[in-house]
Structures are given as structure tokens and as C-alpha cells.
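Here's the structure we're looking at; comments come further down.
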Amino acid sequence: MPSGTVALAFSGGLDTTVCVPLLKEEYGYDDVIGVTVDVGQPDSEFAEAHETADALGVEHHVVDAKAEFADLCFDAVQAGATYQGYPLGTALARPVIAEAILDVAESEGCTALAHGCTGKGNDQLRFEAVWRASDLDVLAPVRELGLTREWEIDYAAEKGLPVEAGNEGEWSIDTNLWSRSVEGGQLEDPGYQPPEDIYDWTDAPSDETGTVDITFEAGEPVAVDGSAMEPVPLIEYLNDLAGGYGVGRTDMMEDRMLGLKVRENYEHPAATTLLAAHEALEGLVLTKDERDFTEDVSQQWAQKAYEGLVDHPLMDALNGYFAETQEAVTGTVTIKFEGGQARPVARESEHAVYSADAASFDTETVNGIEQADATGVAKYHGFQSRLANASKPELKTDGGPGEEGASAVEEGASDE
């Protein structure tokens, strides 16, 4: 059997707690070290992890990766990335967490890495996409041993493990700097209407309104209401501000990577606000062709990020595209909070692809182009559609243009 030390992604919850003795008893490892990575969880989660590690006699490492995580979140803003309509949160955090755990494992001379994920979720894939690029063994006790939650509860009781009978609350909650997800329990029923108490970051939407100015440089948020802010405090500030107006709630049916469809509830006030502001600024500074193409690139970026493949070669190419187009995404957007929405109501940029004078109905000419010059464009607009419709058999028999009408259209095309 294997020996040596294994680094375990450790939260102090039921799954990771039962993994500690299992890695020794079932897998034969001499020592287990727990690694908890800070991507913006509540302080109570670190206290729980530390207390549980102490009770288990496990060496416990805490790694602060909030700055790295915030940078990746801002990359997602630049990419305008959402998955099936919601801002990515947990998906972005997992590669950051996995990298931090790998760094600890290598520095501590570990021979293996382990997580407590089941075989049904996305996180197992996101962790292992990072870890399997290393030379260390990768272990997943819950998945590999086919454990159920009931078995884990009984096992914990039998071993006297420091968990409260496996009762971690009615809901399964994952929190980080960028988002808060709530699932499980009655929420697994798509017809169940969740109570207000599942929400923690957002107040119930009301008639109260407010505004905020967000400034971007090259597509990255850099200031709020004129005050420059670093990524982490900027996100924390907007989570509090926008959450107070009920902004950033999502209740959806999500398609996981393994093909399972699950009910998910999310809170993401800052992410919702920043993505709305960023999109509004892009609308001002990008050409139509750039905007159209960016939608496709954003979807590709979001899909790879959802899969936890932020180091995929395709991501390098997509990021190269954004590095080019985002240079112009510099300016300020005013967001109005109302009815649980973050709505852009003003935007300005020195790179605006816009002329108020040209767009005005009170202006006769546009850069020397007169209104009458559009007549030729109007004549050609829809020409191919008219030609196609005139050639349809049903039009010839139902009082349509017929052969004579079609010939007349064709004559108009003789100069093509």
C-alpha cells in the first residue's frame, strides 16, 4: 500500500472530516495534512476547519488566495462571462484553490493529493484538471469508495469524529468573494419556492433606489464613485451596496458537466453590477462587428471557465482577443439599483464609437453624407429577400408577382 503524506482539500465539514481516517485506513498513508484556501469565505468556516483539524490531530495550512481569485473574477468581467445566464463563482474559485493546495503539497513533500467530492458534481473535475498536471497521485475517497451521506454520518459516529452528526444545516452552501451558492434539501425540487431565509447577501428587492459610478480601465473595474479601489475591497464594497437593493439573485436549473440537471440558487451582487456596467461600456466603445464576435468569444471563455480549465490553451487565445479589444473599454458607467436590478443609466468614454451630432434627428448631414444618399441603400436593402419571395411557386399561383413580376426583379439585377 502507499505510504507518505497526502494533502487533503480540507473544509472541516463531514466529507473532508471522514476522509482523514479513510486515507490512512483504506489507502495506507502515514500522514494527512489539511489545506484550506481563503477565497473569501466567512471567518466562521476557517474557525470550523481549524477546530476540526485540531480535534483530528491533523496539520492544518491556511492559504490566502483572495487576491489571485479577485484577479480571475475581473478576467471574467473583461470577458463578459456568464454560464447559462449567471456569473461564474464556484467554478472560478476551484482552480485557484487547487493550485494553492498543489503548492502546499509540493512544498511539504507530499506524494498525493485528495479531495472529498462525490462522483456527481463538477468540483471533482475542476480540482483534478489542475492536479493531474503534477506527478502526485490523485485520490477521491468519497467517489472511489462509493460513500453515501448516511454512511458517512454513521462512520463519523462510530469513529467519534468531530462532526455534529453530519448535520451541516438544511442547505448546502458554498461562499466565496464573488458568489454564494445554495442548494440541496427541498431546493432540489424545481417546484419548491425557496424561503427568504436562504439569502444572506441580498435583501428582498424593494422600491428603494440608488446609483453608483463604476470606472473601468482596459475593461477592469478600478474605481467606485471616483474612489480608486483594489479588486478585493471593490468587490466586497459592491456586494454590500448592491446586495442592499436586492441585486444579484439567480434561481435556475443548471446543466452540470456530467449531464445532470440541478436546481441552483445564487447570490452575486457585485458580479451582477460589474458585468452590467462592463457590457454598457462595451456598447459605447466597440463596433457592431466587435460586439457580435465578442458574444461568441465570451461564451467560449465562460464554458472553459465553468469546466475549471482556465489554463487551457484556448483560454490563452481568447484572453489574447480580450487584451486587444478591452484597451478601448475605458470610461465610467452609472448604474441605477431598482427592483432588484442593476441597470446602466449613463456611460462615458473618450473612446466612444459614437457621435451625438451624427445620431441626432435634428442634423441634416453626417460627415458630409446627406440624408438623400441613403435612398440607394434603401433600394438595395431587402432586394435578395424580394427576389427569393418572388420566385416561390406558391406566390405565382396565389396572385403573387408571377413570372412577369419575377422577370422584372431579375431585370433590375442585370447589372450585378
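Naming works like this for the C-alpha cells: A, B, ... for the chains as they're shown, residue 1 at the start of each chain, ligands 1 onward in shown order.
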Every residue of range 63-127 of chain A that DSSP places in strand (DSSP E or B), as a list in words: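 These are the residues in question: Val63, Asp64, Thr82, Tyr83, Tyr86, Pro87, Ala112, Leu113 and Ala114 of chain A.
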Exercise: Thr16 in chain A partners within 9 Å, only C-alpha atoms, chain neighbours under 6 positions left out, as a list in words: Leu8, Ala9, Phe10, Gly34, His115, Gly116, Cys117 and Val142 of chain A
Residue neighbourhood range 301-307 of chain A, 6 Å, only C-alpha atoms, exclusion window fewer than 3 positions, as number ranges by chain: A: 81-83, 91, 298, 310
Pairwise distance for CA of Gln341 in chain A and CA of Ser172 in chain A, rounded to one decimal in Å: 25.9 Å
Selected residue of minimal separation from His61 in chain A among A:Gly248, A:Ala100, A:His351, A:Pro95, counting only C-alpha atoms: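 Among the listed residues, the smallest separation from His61 in chain A belongs to A:Ala100.
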Could the residues of range 188-252 of chain A that have an atom at most 12 Å from range 38-48 of chain A be listed as CSV, each with its closest atom pair and the distance in Å to one decimal, counting only C-alpha atoms and ordered by chain and ascending residue number?
residue,atom,partner,partner_atom,distance
A:Asp200,CA,A:Pro42,CA,11.6
A:Trp201,CA,A:Pro42,CA,11.8
A:Val232,CA,A:Gly40,CA,8.9
A:Pro233,CA,A:Gly40,CA,10.9
A:Ile235,CA,A:Gly40,CA,10.4
A:Glu236,CA,A:Gly40,CA,9.2
A:Asn239,CA,A:Gly40,CA,11.9
Shortest interatomic distance to Val163 in chain A - which of A:Glu68, A:Asp289, A:Glu51, A:Glu99, counting only C-alpha atoms: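 Closest to Val163 in chain A of all the choices is A:Glu51.
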Closest of A:His60, A:Ile198, A:Gly119, A:Val262 to Val104 in chain A - atom-to-atom distances counting only C-alpha atoms: A:His60
Which of A:Gly339, A:Gly109, A:Gly320, A:Gly80 sits closest to Ala242 in chain A [using only C-alpha atoms]: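 Once distances to Ala242 in chain A are computed over only C-alpha atoms, the minimum belongs to A:Gly339.
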Using only C-alpha atoms: which of A:Val58, A:Val37, A:Ala280, A:Leu88 has the shortest distance to Thr17 in chain A: A:Val58
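Residue nearest Asp240 in chain A within the list A:Met252, A:Leu23, A:Ala129, A:Ala270: A:Ala270 [criterion: smallest interatomic distance, only C-alpha atoms].
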